[in-house]
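*Asks:* Below is the file input08.csv, with CSV, C-alpha atoms and all ligand atoms.
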```csv
chain,number,residue,atom,x,y,z
P,54,MET,CA,0.0,0.0,0.0
P,55,LYS,CA,1.3,3.5,-0.8
P,56,TYR,CA,1.1,6.0,2.0
P,57,PRO,CA,1.3,9.8,1.7
P,58,SER,CA,4.8,11.1,2.6
P,59,PRO,CA,5.3,11.5,6.3
P,60,LEU,CA,7.7,14.4,5.6
P,61,ARG,CA,6.8,18.1,5.4
P,62,ARG,CA,7.8,19.8,2.2
P,63,ASP,CA,10.8,21.6,3.8
P,64,ALA,CA,11.9,18.6,5.8
P,65,ARG,CA,15.3,18.2,4.2
P,66,THR,CA,16.2,21.9,4.8
P,67,LEU,CA,15.0,21.6,8.4
P,68,LEU,CA,16.9,18.4,9.0
P,69,GLU,CA,20.0,20.2,7.9
P,70,GLN,CA,19.4,23.0,10.3
P,71,LEU,CA,18.8,20.6,13.1
P,72,ASP,CA,21.9,18.7,12.3
P,73,ARG,CA,24.1,21.8,12.5
P,74,ARG,CA,22.5,23.4,15.5
P,75,LEU,CA,22.3,20.2,17.6
P,76,ASP,CA,25.9,19.4,16.8
P,77,ARG,CA,27.0,22.9,17.9
P,78,ALA,CA,25.1,22.4,21.1
P,79,TYR,CA,26.0,18.8,22.0
P,80,GLY,CA,29.0,17.7,19.8
P,81,SER,CA,27.7,14.2,19.3
P,82,PRO,CA,28.8,12.6,22.6
P,83,GLU,CA,28.5,9.1,21.4
P,84,SER,CA,30.0,7.4,24.4
P,85,GLU,CA,27.1,8.6,26.6
P,86,LEU,CA,24.7,6.3,24.6
P,87,GLY,CA,26.6,3.1,25.6
P,88,ASN,CA,26.1,1.4,22.2
P,89,LYS,CA,28.2,-1.8,21.6
P,90,ASP,CA,30.7,-2.8,18.9
P,91,ASP,CA,29.6,-6.4,18.8
P,92,PRO,CA,26.3,-6.9,17.0
P,93,LEU,CA,24.9,-9.5,19.4
P,94,ASP,CA,25.8,-7.3,22.4
P,95,GLU,CA,24.1,-4.3,20.7
P,96,ALA,CA,20.9,-6.3,20.1
P,97,ILE,CA,20.8,-7.3,23.8
P,98,TYR,CA,21.6,-3.7,24.8
P,99,ILE,CA,18.8,-2.3,22.7
P,100,ILE,CA,16.3,-4.6,24.5
P,101,LEU,CA,17.7,-3.3,27.8
P,102,THR,CA,16.9,0.3,26.7
P,103,PHE,CA,13.2,-0.3,26.4
P,104,GLN,CA,11.1,2.0,28.6
P,105,THR,CA,14.0,3.2,30.7
P,106,ASP,CA,16.7,5.9,30.6
P,107,LEU,CA,20.2,5.4,29.3
P,108,ALA,CA,21.8,5.6,32.7
P,109,ARG,CA,19.7,2.7,34.0
P,110,ALA,CA,20.1,0.7,30.8
P,111,GLY,CA,23.9,1.2,31.1
P,112,SER,CA,24.0,0.1,34.7
P,113,VAL,CA,21.9,-3.0,33.9
P,114,TRP,CA,24.1,-3.9,31.0
P,115,THR,CA,27.2,-3.7,33.2
P,116,ARG,CA,25.6,-6.0,35.8
P,117,LEU,CA,24.4,-8.5,33.2
P,118,HIS,CA,27.8,-8.6,31.4
P,119,ALA,CA,29.6,-9.1,34.8
P,120,MET,CA,27.2,-12.0,35.6
P,121,TYR,CA,27.2,-13.6,32.2
P,122,PRO,CA,30.3,-12.4,30.3
P,123,LEU,CA,29.7,-14.9,27.4
P,124,PRO,CA,26.5,-15.3,25.4
P,125,ALA,CA,26.6,-19.1,26.1
P,126,ALA,CA,26.3,-18.4,29.8
P,127,LEU,CA,23.4,-16.1,29.3
P,128,ASP,CA,21.7,-18.6,26.9
P,129,GLY,CA,22.0,-21.3,29.5
P,130,ALA,CA,20.8,-19.2,32.5
P,131,PRO,CA,17.2,-19.6,33.9
P,132,VAL,CA,14.9,-16.8,33.0
P,133,ALA,CA,14.2,-16.0,36.6
P,134,LYS,CA,17.9,-15.4,37.3
P,135,VAL,CA,18.3,-13.2,34.3
P,136,ALA,CA,15.1,-11.2,35.3
P,137,ALA,CA,16.6,-10.6,38.7
P,138,VAL,CA,19.7,-9.1,37.2
P,139,LEU,CA,17.6,-6.8,35.0
P,140,ARG,CA,15.2,-5.6,37.7
P,141,GLU,CA,16.6,-2.0,38.0
P,142,GLY,CA,15.7,-1.2,34.4
P,143,GLY,CA,12.0,-2.2,34.7
P,144,LEU,CA,10.0,-4.7,32.6
P,145,HIS,CA,12.6,-7.2,33.8
P,146,TRP,CA,10.6,-10.4,33.2
P,147,GLN,CA,9.6,-9.3,29.8
P,148,LYS,CA,13.1,-8.3,28.8
P,149,ALA,CA,14.6,-11.5,30.2
P,150,ARG,CA,12.2,-13.6,28.1
P,151,ILE,CA,12.9,-11.6,25.0
P,152,ILE,CA,16.7,-11.8,25.4
P,153,LYS,CA,16.4,-15.6,25.9
P,154,ARG,CA,14.3,-15.9,22.8
P,155,LEU,CA,16.7,-13.7,20.8
P,156,LEU,CA,19.6,-15.9,21.8
P,157,ALA,CA,17.8,-19.1,20.9
P,158,ARG,CA,16.8,-17.6,17.5
P,159,VAL,CA,20.4,-16.5,16.7
P,160,ARG,CA,21.7,-19.9,17.7
P,161,GLU,CA,19.1,-21.7,15.4
P,162,THR,CA,19.6,-19.3,12.5
P,163,THR,CA,23.4,-18.9,12.4
P,164,GLY,CA,24.5,-22.0,14.2
P,165,HIS,CA,26.4,-19.9,16.7
P,166,LEU,CA,25.8,-17.4,19.4
P,167,SER,CA,27.0,-14.6,17.3
P,168,LEU,CA,25.7,-12.1,14.7
P,169,ASP,CA,29.1,-11.7,13.0
P,170,VAL,CA,27.6,-13.3,9.9
P,171,LEU,CA,25.9,-9.9,9.3
P,172,ARG,CA,29.3,-8.2,8.6
P,173,GLU,CA,29.4,-9.8,5.2
P,174,MET,CA,25.8,-8.9,4.2
P,175,THR,CA,24.4,-5.9,2.4
P,176,ASP,CA,22.5,-3.4,4.5
P,177,ASP,CA,19.2,-4.6,3.3
P,178,ALA,CA,20.0,-8.3,3.9
P,179,ALA,CA,21.4,-7.6,7.4
P,180,GLU,CA,18.3,-5.5,8.2
P,181,ARG,CA,16.0,-8.3,7.1
P,182,VAL,CA,17.7,-10.8,9.4
P,183,LEU,CA,17.7,-8.4,12.3
P,184,THR,CA,14.1,-7.4,12.1
P,185,GLN,CA,13.1,-11.1,12.3
P,186,LEU,CA,14.8,-11.4,15.6
P,187,PRO,CA,12.7,-11.2,18.8
P,188,GLY,CA,12.8,-7.7,20.3
P,189,LEU,CA,14.2,-5.8,17.3
P,190,SER,CA,12.1,-3.3,15.3
P,191,TRP,CA,13.5,-1.2,12.4
P,192,LYS,CA,14.9,1.1,15.0
P,193,GLY,CA,16.7,-1.7,16.9
P,194,ALA,CA,18.0,-3.2,13.6
P,195,ARG,CA,19.3,0.1,12.4
P,196,CYS,CA,21.1,0.7,15.7
P,197,VAL,CA,23.0,-2.6,15.1
P,198,LEU,CA,23.7,-1.6,11.6
P,199,LEU,CA,25.0,1.8,12.6
P,200,TYR,CA,26.9,1.1,15.8
P,201,SER,CA,28.2,-2.5,15.3
P,202,LEU,CA,28.4,-2.8,11.6
P,203,GLY,CA,29.5,0.7,10.7
P,204,ARG,CA,26.7,1.2,8.2
P,205,ASN,CA,25.1,4.6,7.4
P,206,ALA,CA,21.8,3.9,9.0
P,207,LEU,CA,19.6,6.4,10.9
P,208,PRO,CA,17.6,4.7,13.7
P,209,ILE,CA,14.4,6.6,14.7
P,210,ASP,CA,13.4,5.9,18.3
P,211,GLY,CA,10.2,7.2,20.0
P,212,ASN,CA,12.0,10.2,21.3
P,213,THR,CA,13.4,11.2,18.0
P,214,PHE,CA,10.0,10.7,16.3
P,215,ARG,CA,8.5,13.0,18.9
P,216,ILE,CA,11.2,15.7,18.4
P,217,LEU,CA,10.8,15.6,14.6
P,218,LYS,CA,7.0,16.0,14.9
P,219,ARG,CA,7.4,18.9,17.3
P,220,VAL,CA,10.0,20.6,15.1
P,221,GLY,CA,7.8,20.2,12.0
P,222,VAL,CA,9.9,17.8,10.0
P,223,LEU,CA,7.0,15.3,10.0
P,224,ASN,CA,3.4,15.8,9.1
P,225,ARG,CA,0.9,15.6,11.9
P,226,GLY,CA,-0.4,12.3,10.4
P,227,ALA,CA,3.0,10.6,10.3
P,228,VAL,CA,2.8,7.1,11.9
P,229,TYR,CA,5.7,5.7,13.9
P,230,ARG,CA,4.9,2.0,13.4
P,231,ARG,CA,5.3,2.2,9.6
P,232,ARG,CA,8.5,1.3,7.8
P,233,ALA,CA,7.9,4.0,5.2
P,234,THR,CA,8.2,6.7,8.0
P,235,HIS,CA,11.6,5.3,9.1
P,236,ASP,CA,12.8,5.0,5.4
P,237,ALA,CA,11.6,8.5,4.5
P,238,ILE,CA,13.5,10.2,7.4
P,239,GLN,CA,16.6,8.1,6.7
P,240,ASP,CA,16.6,8.9,3.0
P,241,ALA,CA,16.2,12.7,3.7
P,242,VAL,CA,19.5,12.8,5.6
P,243,PRO,CA,22.8,12.4,3.7
P,244,ALA,CA,24.6,9.2,4.6
P,245,ALA,CA,27.6,10.9,6.1
P,246,ARG,CA,25.5,12.9,8.6
P,247,ARG,CA,23.2,10.2,9.9
P,248,ARG,CA,25.4,9.0,12.8
P,249,ARG,CA,26.0,12.3,14.4
P,250,LEU,CA,22.4,13.4,13.9
P,251,HIS,CA,21.1,10.3,15.5
P,252,VAL,CA,23.4,10.7,18.5
P,253,ASN,CA,22.5,14.4,18.9
P,254,LEU,CA,18.8,13.8,18.6
P,255,VAL,CA,18.9,11.1,21.3
P,256,VAL,CA,20.8,13.5,23.6
P,257,HIS,CA,18.4,16.3,22.8
P,258,GLY,CA,15.5,14.1,23.8
P,259,GLN,CA,17.1,13.2,27.1
P,260,ARG,CA,18.3,16.7,28.0
P,261,THR,CA,16.1,19.3,26.4
P,262,CYS,CA,13.1,18.2,24.3
P,263,LEU,CA,11.7,16.1,27.1
P,264,PRO,CA,8.4,14.2,26.7
P,265,VAL,CA,6.7,16.4,29.3
P,266,GLU,CA,7.6,20.1,29.7
P,267,PRO,CA,10.3,20.4,27.0
P,268,LYS,CA,12.8,23.1,27.9
P,269,CYS,CA,12.0,25.3,24.8
P,270,PHE,CA,13.3,28.4,26.5
P,271,GLU,CA,16.9,27.0,26.4
P,272,CYS,CA,16.6,24.9,23.3
P,273,PRO,CA,19.3,25.2,20.7
P,274,VAL,CA,16.8,24.6,17.8
P,275,ARG,CA,14.0,26.8,19.1
P,276,GLU,CA,14.4,29.3,16.2
P,277,VAL,CA,13.6,26.7,13.6
P,278,CYS,CA,11.0,24.7,15.7
P,279,SER,CA,7.3,25.0,15.0
P,280,MET,CA,6.5,23.4,18.5
P,281,THR,CA,3.7,21.4,17.1
P,282,GLY,CA,1.7,19.8,19.9
P,283,VAL,CA,3.7,21.5,22.6
P,284,ARG,CA,1.4,22.6,25.4
P,285,GLY,CA,1.6,26.4,25.9
P,286,ALA,CA,3.0,27.0,22.5
P,287,ARG,CA,-0.4,27.5,21.0
P,288,GLY,CA,-3.1,30.0,21.9
P,289,ARG,CA,-0.9,32.2,24.1
P,290,THR,CA,2.6,33.5,24.0
P,291,PRO,CA,4.9,31.2,25.7
P,292,ARG,CA,7.5,32.7,28.1
P,293,TRP,CA,10.4,31.7,25.8
P,294,ALA,CA,8.9,33.3,22.8
P,295,GLY,CA,8.5,35.7,20.1
P,296,LEU,CA,8.4,32.4,18.3
P,297,THR,CA,5.5,32.7,15.9
P,298,SER,CA,7.7,33.9,13.2
P,299,ALA,CA,11.0,32.6,14.6
P,300,ARG,CA,11.1,29.4,12.5
P,301,THR,CA,10.9,31.5,9.3
P,302,ARG,CA,13.6,33.8,10.7
P,303,GLY,CA,15.8,30.9,11.7
P,304,LEU,CA,15.5,29.3,8.3
P,305,GLN,CA,16.4,32.6,6.6
P,306,ASN,CA,19.4,33.1,8.9
P,307,GLU,CA,20.6,29.6,8.4
P,308,GLY,CA,20.4,30.0,4.6
P,309,ALA,CA,22.8,33.0,4.9
P,310,LYS,CA,25.5,30.9,6.7
M,1,LIG,S1,11.8,24.3,20.9
M,1,LIG,FE1,10.8,23.0,22.4
M,1,LIG,S2,9.6,21.5,21.2
M,1,LIG,FE2,11.1,22.5,19.8
M,1,LIG,S3,12.8,21.0,19.8
M,1,LIG,FE3,13.2,22.6,21.3
M,1,LIG,S4,12.5,21.7,23.2
M,1,LIG,FE4,11.6,20.5,21.6
```
For this file, produce the structure as structure tokens.
Ligand code: SF4
*Replies:*
Amino acid sequence: MKYPSPLRRDARTLLEQLDRRLDRAYGSPESELGNKDDPLDEAIYIILTFQTDLARAGSVWTRLHAMYPLPAALDGAPVAKVAAVLREGGLHWQKARIIKRLLARVRETTGHLSLDVLREMTDDAAERVLTQLPGLSWKGARCVLLYSLGRNALPIDGNTFRILKRVGVLNRGAVYRRRATHDAIQDAVPAARRRRLHVNLVVHGQRTCLPVEPKCFECPVREVCSMTGVRGARGRTPRWAGLTSARTRGLQNEGAK
């Protein structure tokens, strides 16, 4: 089925502005995200990041890795013991079961407890394998492609989707659970810029463009943001504003740089 484009008409220009402004503000601090070089480690880490913050996910990963340094040990461990190690990150029973199913599927599919076979595959083929594994969506698959396999993927998580809607890159009707949305955003960003934009958007969602009460008054992209759906940004002048025409002004200023 063909869906209408999820992108607004000026999405590419806006993504370029976001990339530049966010990078000036945050400098792509990739080590804060805790992603892993090994593709199987990264797949497990992605599951640990569900519904929790990066600090907790990182702490749970450290504990899990200390308890089960090798995938074979984790594969052989009882679900209850794994769940107990994951407790701090929440949804621990659910995550433990998904991780166990993931390991079993990797073992059955590749004959090993490893995803190194992906290193020889094209991006599309590797993504197909990854999205068939328990616990990995397009976002999770593209994190493995980006961080462990060094491919030019742009993962879109829930926070990034929210930011892009607020800023005005995405149409109001854009749907997260649709592959076309993920593809359209990725295709609109030049391959060489995807990694740093992804890192900076994740950091922006954790530090500034929070799910509730985003810190628009100190936001590095406020001049180009339409604040779609942000409470207080419509119907009355927000305290950080003068912003009704700021997006236009910001785009004009950027064009001159
Ligand atoms: S101005 Fe507000 S809504 Fe827009 S990106 Fe910044 S924090 Fe988010």
*Asks:* Work out how far apart CA of Arg230 in chain P and CA of Leu139 in chain P are and give it in Å to one decimal.
*Replies:*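 That distance, rounded to one decimal, is 26.6 Å.
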*Asks:* Would you mind telling me which residue in P:Leu199, P:Ala78, P:Leu93, P:Arg225 lies nearest to Thr261 in chain P when using only C-alpha atoms?
*Replies:*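 Closest to Thr261 in chain P, using only C-alpha atoms: P:Ala78.
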*Asks:* Can you tell me how far CA of Gln147 in chain P sits from CA of Trp191 in chain P, in Å to one decimal?
*Replies:*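 Straight-line distance from CA of Gln147 in chain P to CA of Trp191 in chain P works out to 19.6 Å.
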*Asks:* Step by step, gather every atom of range 162-174 of chain P that the file lists, find the box along x, y and z that holds them, add 4 Å on each side, and finally give centre and edge lengths in Å to one decimal, as AutoDock Vina command-line options.
*Replies:*
```
--center_x 24.5 --center_y -15.1 --center_z 11.8 --size_x 17.8 --size_y 21.8 --size_z 23.2
```
*Asks:* Using 8 Å as the limit and counting all atoms listed in the file, can you tabulate each residue of chain P that touches ligand LIG 1 (chain M), with its shortest atom-to-atom distance in Å and the two atoms involved, as JSON lines?
*Replies:*
```
{"residue": "P:Ile216", "atom": "CA", "partner": "M:LIG1", "partner_atom": "S3", "distance": 5.7}
{"residue": "P:Leu217", "atom": "CA", "partner": "M:LIG1", "partner_atom": "S3", "distance": 7.8}
{"residue": "P:Arg219", "atom": "CA", "partner": "M:LIG1", "partner_atom": "S2", "distance": 5.2}
{"residue": "P:Val220", "atom": "CA", "partner": "M:LIG1", "partner_atom": "FE2", "distance": 5.2}
{"residue": "P:His257", "atom": "CA", "partner": "M:LIG1", "partner_atom": "S3", "distance": 7.9}
{"residue": "P:Gly258", "atom": "CA", "partner": "M:LIG1", "partner_atom": "FE4", "distance": 7.8}
{"residue": "P:Thr261", "atom": "CA", "partner": "M:LIG1", "partner_atom": "S4", "distance": 5.4}
{"residue": "P:Cys262", "atom": "CA", "partner": "M:LIG1", "partner_atom": "S4", "distance": 3.7}
{"residue": "P:Leu263", "atom": "CA", "partner": "M:LIG1", "partner_atom": "S4", "distance": 6.9}
{"residue": "P:Pro267", "atom": "CA", "partner": "M:LIG1", "partner_atom": "S4", "distance": 4.6}
{"residue": "P:Lys268", "atom": "CA", "partner": "M:LIG1", "partner_atom": "S4", "distance": 4.9}
{"residue": "P:Cys269", "atom": "CA", "partner": "M:LIG1", "partner_atom": "FE1", "distance": 3.5}
{"residue": "P:Phe270", "atom": "CA", "partner": "M:LIG1", "partner_atom": "S1", "distance": 7.1}
{"residue": "P:Glu271", "atom": "CA", "partner": "M:LIG1", "partner_atom": "S4", "distance": 7.6}
{"residue": "P:Cys272", "atom": "CA", "partner": "M:LIG1", "partner_atom": "FE3", "distance": 4.6}
{"residue": "P:Pro273", "atom": "CA", "partner": "M:LIG1", "partner_atom": "FE3", "distance": 6.7}
{"residue": "P:Val274", "atom": "CA", "partner": "M:LIG1", "partner_atom": "FE3", "distance": 5.4}
{"residue": "P:Arg275", "atom": "CA", "partner": "M:LIG1", "partner_atom": "S1", "distance": 3.8}
{"residue": "P:Glu276", "atom": "CA", "partner": "M:LIG1", "partner_atom": "S1", "distance": 7.3}
{"residue": "P:Val277", "atom": "CA", "partner": "M:LIG1", "partner_atom": "S1", "distance": 7.9}
{"residue": "P:Cys278", "atom": "CA", "partner": "M:LIG1", "partner_atom": "FE2", "distance": 4.7}
{"residue": "P:Ser279", "atom": "CA", "partner": "M:LIG1", "partner_atom": "FE2", "distance": 6.6}
{"residue": "P:Met280", "atom": "CA", "partner": "M:LIG1", "partner_atom": "S2", "distance": 4.5}
{"residue": "P:Thr281", "atom": "CA", "partner": "M:LIG1", "partner_atom": "S2", "distance": 7.2}
{"residue": "P:Val283", "atom": "CA", "partner": "M:LIG1", "partner_atom": "S2", "distance": 6.1}
```
*Asks:* Just how far from CA of Leu117 in chain P is CA of Arg154 in chain P, in Å to one decimal?
*Replies:*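 Value for the CA of Arg154 in chain P-CA of Leu117 in chain P distance: 16.3 Å.
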*Asks:* Under the rule that all atoms listed in the file are counted, which of P:Ile99, P:Val242, P:Val255, P:Ala110 is the nearest residue to Leu60 in chain P?
*Replies:* P:Val242
*Asks:* Which protein, DNA or RNA residues are at most 6 Å from (7.3, 9.4, 7.5) in the file's coordinates when you count all atoms listed in the file, listed as a CSV table (one decimal) with C-alpha atoms, keeping the file's coordinate frame?
*Replies:*
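point_29.csv was written with the following content:
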```
chain,number,residue,atom,x,y,z
P,58,SER,CA,4.8,11.1,2.6
P,59,PRO,CA,5.3,11.5,6.3
P,60,LEU,CA,7.7,14.4,5.6
P,227,ALA,CA,3.0,10.6,10.3
P,233,ALA,CA,7.9,4.0,5.2
P,234,THR,CA,8.2,6.7,8.0
P,237,ALA,CA,11.6,8.5,4.5
```
*Asks:* Counting all atoms listed in the file, which residue out of P:Val135, P:Leu86, P:Val113, P:Val265 sits closest to Ile152 in chain P?
*Replies:*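 That would be P:Val135, the residue with the smallest distance to Ile152 in chain P.
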*Asks:* Taking the point (20.0, -14.5, 14.6) as given in the file, collect each protein or nucleic acid residue that comes within 7 Å of it, counting all atoms listed in the file, and present the set as a ChimeraX atom specification.
*Replies:* /P:158-160,162-163,168,182-183,186
*Asks:* List the spatial neighbours of Pro243 in chain P as a ChimeraX atom specification - criterion: any atom at most 12 Å away, only C-alpha atoms, same-chain residues fewer than 4 positions off excluded.
*Replies:* /P:65-66,68-69,72,205-207,237-239,247-250
*Asks:* Nearest to Asp177 in chain P among P:Asp128, P:Asp76, P:Asp236, P:Glu85, with distances taken over only C-alpha atoms: which residue is it?
*Replies:* P:Asp236
*Asks:* Quick one: of P:Ile209, P:Leu223, P:Leu202, P:Leu166, who's nearest to Ala179 in chain P, counting only C-alpha atoms?
*Replies:*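 Once distances to Ala179 in chain P are computed over only C-alpha atoms, the minimum belongs to P:Leu202.
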*Asks:* Return range 256-266 of chain P, completed with all heavy atoms, as an mmCIF file, keeping the file's coordinate frame.
*Replies:*
```
data_model
loop_
_atom_site.group_PDB
_atom_site.id
_atom_site.type_symbol
_atom_site.label_atom_id
_atom_site.label_comp_id
_atom_site.auth_asym_id
_atom_site.auth_seq_id
_atom_site.Cartn_x
_atom_site.Cartn_y
_atom_site.Cartn_z
ATOM 1 N N VAL P 256 20.406 12.610 22.482
ATOM 2 C CA VAL P 256 20.800 13.500 23.600
ATOM 3 C C VAL P 256 19.840 14.612 23.793
ATOM 4 O O VAL P 256 19.457 14.952 24.921
ATOM 5 C CB VAL P 256 22.264 13.990 23.352
ATOM 6 C CG1 VAL P 256 22.662 15.015 24.407
ATOM 7 C CG2 VAL P 256 23.256 12.829 23.345
ATOM 8 N N HIS P 257 19.392 15.185 22.692
ATOM 9 C CA HIS P 257 18.400 16.300 22.800
ATOM 10 C C HIS P 257 17.132 15.833 23.457
ATOM 11 O O HIS P 257 16.565 16.557 24.280
ATOM 12 C CB HIS P 257 18.127 16.775 21.347
ATOM 13 C CG HIS P 257 17.304 18.009 21.278
ATOM 14 N ND1 HIS P 257 17.631 19.169 21.941
ATOM 15 C CD2 HIS P 257 16.129 18.284 20.609
ATOM 16 C CE1 HIS P 257 16.719 20.098 21.697
ATOM 17 N NE2 HIS P 257 15.796 19.581 20.899
ATOM 18 N N GLY P 258 16.687 14.634 23.143
ATOM 19 C CA GLY P 258 15.500 14.100 23.800
ATOM 20 C C GLY P 258 15.649 13.810 25.246
ATOM 21 O O GLY P 258 14.686 13.835 26.006
ATOM 22 N N GLN P 259 16.870 13.538 25.667
ATOM 23 C CA GLN P 259 17.100 13.200 27.100
ATOM 24 C C GLN P 259 17.375 14.518 27.892
ATOM 25 O O GLN P 259 17.045 14.593 29.062
ATOM 26 C CB GLN P 259 18.364 12.353 27.204
ATOM 27 C CG GLN P 259 18.239 11.022 26.508
ATOM 28 C CD GLN P 259 18.028 9.857 27.472
ATOM 29 O OE1 GLN P 259 18.462 9.913 28.607
ATOM 30 N NE2 GLN P 259 17.357 8.828 27.020
ATOM 31 N N ARG P 260 17.973 15.541 27.246
ATOM 32 C CA ARG P 260 18.300 16.700 28.000
ATOM 33 C C ARG P 260 17.374 17.897 27.881
ATOM 34 O O ARG P 260 17.190 18.667 28.805
ATOM 35 C CB ARG P 260 19.725 17.244 27.552
ATOM 36 C CG ARG P 260 20.872 16.325 27.853
ATOM 37 C CD ARG P 260 22.173 17.058 27.543
ATOM 38 N NE ARG P 260 23.292 16.153 27.467
ATOM 39 C CZ ARG P 260 24.494 16.491 27.015
ATOM 40 N NH1 ARG P 260 24.718 17.734 26.612
ATOM 41 N NH2 ARG P 260 25.467 15.626 26.956
ATOM 42 N N THR P 261 16.783 18.051 26.695
ATOM 43 C CA THR P 261 16.100 19.300 26.400
ATOM 44 C C THR P 261 14.622 19.080 25.939
ATOM 45 O O THR P 261 13.677 19.589 26.543
ATOM 46 C CB THR P 261 16.839 20.128 25.379
ATOM 47 O OG1 THR P 261 18.200 20.236 25.765
ATOM 48 C CG2 THR P 261 16.249 21.520 25.243
ATOM 49 N N CYS P 262 14.447 18.347 24.864
ATOM 50 C CA CYS P 262 13.100 18.200 24.300
ATOM 51 C C CYS P 262 12.448 16.967 25.009
ATOM 52 O O CYS P 262 12.218 15.915 24.414
ATOM 53 C CB CYS P 262 13.158 17.962 22.795
ATOM 54 S SG CYS P 262 11.539 18.156 22.017
ATOM 55 N N LEU P 263 12.171 17.154 26.303
ATOM 56 C CA LEU P 263 11.700 16.100 27.100
ATOM 57 C C LEU P 263 10.219 15.739 26.760
ATOM 58 O O LEU P 263 9.505 16.606 26.234
ATOM 59 C CB LEU P 263 11.721 16.504 28.616
ATOM 60 C CG LEU P 263 13.083 17.033 29.089
ATOM 61 C CD1 LEU P 263 12.982 17.570 30.514
ATOM 62 C CD2 LEU P 263 14.145 15.945 28.993
ATOM 63 N N PRO P 264 9.762 14.524 27.040
ATOM 64 C CA PRO P 264 8.400 14.200 26.700
ATOM 65 C C PRO P 264 7.365 15.112 27.291
ATOM 66 O O PRO P 264 6.405 15.522 26.648
ATOM 67 C CB PRO P 264 8.232 12.743 27.239
ATOM 68 C CG PRO P 264 9.614 12.218 27.396
ATOM 69 C CD PRO P 264 10.505 13.405 27.637
ATOM 70 N N VAL P 265 7.563 15.453 28.564
ATOM 71 C CA VAL P 265 6.700 16.400 29.300
ATOM 72 C C VAL P 265 7.493 17.623 29.617
ATOM 73 O O VAL P 265 8.641 17.514 30.045
ATOM 74 C CB VAL P 265 6.111 15.736 30.549
ATOM 75 C CG1 VAL P 265 5.195 16.709 31.282
ATOM 76 C CG2 VAL P 265 5.381 14.443 30.214
ATOM 77 N N GLU P 266 6.893 18.782 29.422
ATOM 78 C CA GLU P 266 7.600 20.100 29.700
ATOM 79 C C GLU P 266 8.941 20.183 29.066
ATOM 80 O O GLU P 266 9.981 20.254 29.745
ATOM 81 C CB GLU P 266 7.664 20.277 31.232
ATOM 82 C CG GLU P 266 6.301 20.383 31.878
ATOM 83 C CD GLU P 266 6.381 20.790 33.346
ATOM 84 O OE1 GLU P 266 7.469 21.150 33.818
ATOM 85 O OE2 GLU P 266 5.342 20.760 33.998
#
```
